[in-house]
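Enquirer: Supplied in structure tokens, the structure appears directly below.
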Amino acid sequence: AGVLFSDLSMCWYTVTWTPTTGSVQRSAQYLPRPAPWPRDALVDAHETYGETVAAFAEGFEGTGQPCARGECWDLAAEALKYVAQFDYVPRPVQSISRAHGHLIYAGWAKNKGAQQAGRWRGGDDRVRRGDILEWRSARVSQGPHGWSTLGNPDHTAVIVRDMVPRASVSDGLAVRPADMGELEVMEQGVGSPPKRATYELANFEEGEVWIYRPVGMEAYVGCILAAKCPDGVNALSI
């Protein structure tokens, strides 16, 4: 069997049982989580997938019709499935759990935003249209008398406008959510058809946030998921 984990590491394993003797033989191979990509590779991935993912989500705006089941996750997952049907682009990483490709940014906030931390990942210098946003148990202030609660516990949205962080960013650099910027997204929920919304990360008060870049499965992970480790993959025997 082959397993793809939500951090995009992979494992292949075999179990052989001999009925006549009762002997069991086991083996496994493991491919670690992919390393962060440099800027050129991340920009190329955006140019390959970003516009199609964003346009797919925007296609539901104003229709009053949900995407798939109407769950928030469906808007991103179905966009990546839509891209995967075209044979002239490499197959992208599909949504798995709350992951949707190459992690670009992860952050958190608590105590009404008094405590914040985050980290940038990869060599790009901005969030781009078609990136995918994940919230967990999040609260974002929307002016002096309002706020948005995002995630029970999780919420997914598709980013539809580029955002250049206020602070300089580079791979591994600590970047607070307040030093990011405003995100414009398409989102939906059960009973709430797809709509456009904006969230200012300087007003992020509680919870966690992740931003992913859609990327090619073989180019980033190293291979397509199969029951047997493909030849040429530098997996670890364990």
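By order of appearance in the structure tokens: chains A, B, ..., then residues from 1 within every chain, and ligands from 1 in the order shown.
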Neighbouring residues of Lys110 (chain A) were defined as those with any atom within 9 Å, considering only C-alpha atoms; residues of the same chain fewer than 3 positions away were excluded. Please report them as a ChimeraX atom specification.
Expert: /A:113-116,204-208
Enquirer: Take the selection from the previous step and output its residues with N, CA and C atoms, as a PDB file, in the first residue's frame.
Expert:
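And here's again29.pdb as it stands now:
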ATOM      1  N   GLY A 113      -5.106  39.144  19.918  1.00  0.00           N
ATOM      2  CA  GLY A 113      -4.059  39.624  19.036  1.00  0.00           C
ATOM      3  C   GLY A 113      -2.839  40.171  19.739  1.00  0.00           C
ATOM      4  N   ALA A 114      -2.865  40.213  21.069  1.00  0.00           N
ATOM      5  CA  ALA A 114      -1.708  40.737  21.803  1.00  0.00           C
ATOM      6  C   ALA A 114      -0.489  39.829  21.617  1.00  0.00           C
ATOM      7  N   GLN A 115      -0.753  38.556  21.407  1.00  0.00           N
ATOM      8  CA  GLN A 115       0.325  37.607  21.123  1.00  0.00           C
ATOM      9  C   GLN A 115       0.105  37.042  19.729  1.00  0.00           C
ATOM     10  N   GLN A 116       1.115  37.182  18.887  1.00  0.00           N
ATOM     11  CA  GLN A 116       1.068  36.664  17.519  1.00  0.00           C
ATOM     12  C   GLN A 116       2.439  36.110  17.143  1.00  0.00           C
ATOM     13  N   PHE A 204      -6.213  39.988  13.259  1.00  0.00           N
ATOM     14  CA  PHE A 204      -6.327  38.578  13.626  1.00  0.00           C
ATOM     15  C   PHE A 204      -6.118  38.454  15.137  1.00  0.00           C
ATOM     16  N   GLU A 205      -7.150  37.997  15.865  1.00  0.00           N
ATOM     17  CA  GLU A 205      -7.126  38.017  17.322  1.00  0.00           C
ATOM     18  C   GLU A 205      -6.907  36.659  17.972  1.00  0.00           C
ATOM     19  N   GLU A 206      -7.464  35.611  17.378  1.00  0.00           N
ATOM     20  CA  GLU A 206      -7.393  34.279  17.973  1.00  0.00           C
ATOM     21  C   GLU A 206      -7.325  33.232  16.868  1.00  0.00           C
ATOM     22  N   GLY A 207      -6.635  32.105  17.152  1.00  0.00           N
ATOM     23  CA  GLY A 207      -6.672  30.965  16.255  1.00  0.00           C
ATOM     24  C   GLY A 207      -5.389  30.785  15.453  1.00  0.00           C
ATOM     25  N   GLU A 208      -5.530  30.006  14.377  1.00  0.00           N
ATOM     26  CA  GLU A 208      -4.398  29.668  13.521  1.00  0.00           C
ATOM     27  C   GLU A 208      -4.748  29.920  12.056  1.00  0.00           C
TER      28      GLU A 208
END
Enquirer: Restricting the calculation to only C-alpha atoms, which member of A:Val127, A:Val190, A:Cys229, A:Leu150 is positioned closest to Val164 (chain A)?
Expert: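 Selected residue with least distance to Val164 (chain A): A:Val127.
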Enquirer: From the options A:Arg69, A:His46, A:Arg176, A:Arg129, which residue's atoms come nearest to Val209 (chain A), counting only C-alpha atoms?
Expert: A:Arg176
Enquirer: Determine the nearest neighbour of Glu61 (chain A) from the options A:Ser9, A:Ser27, A:Asn234, A:Ser192, counting only C-alpha atoms.
Expert: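 With only C-alpha atoms as the atom set, the closest residue is A:Ser192.
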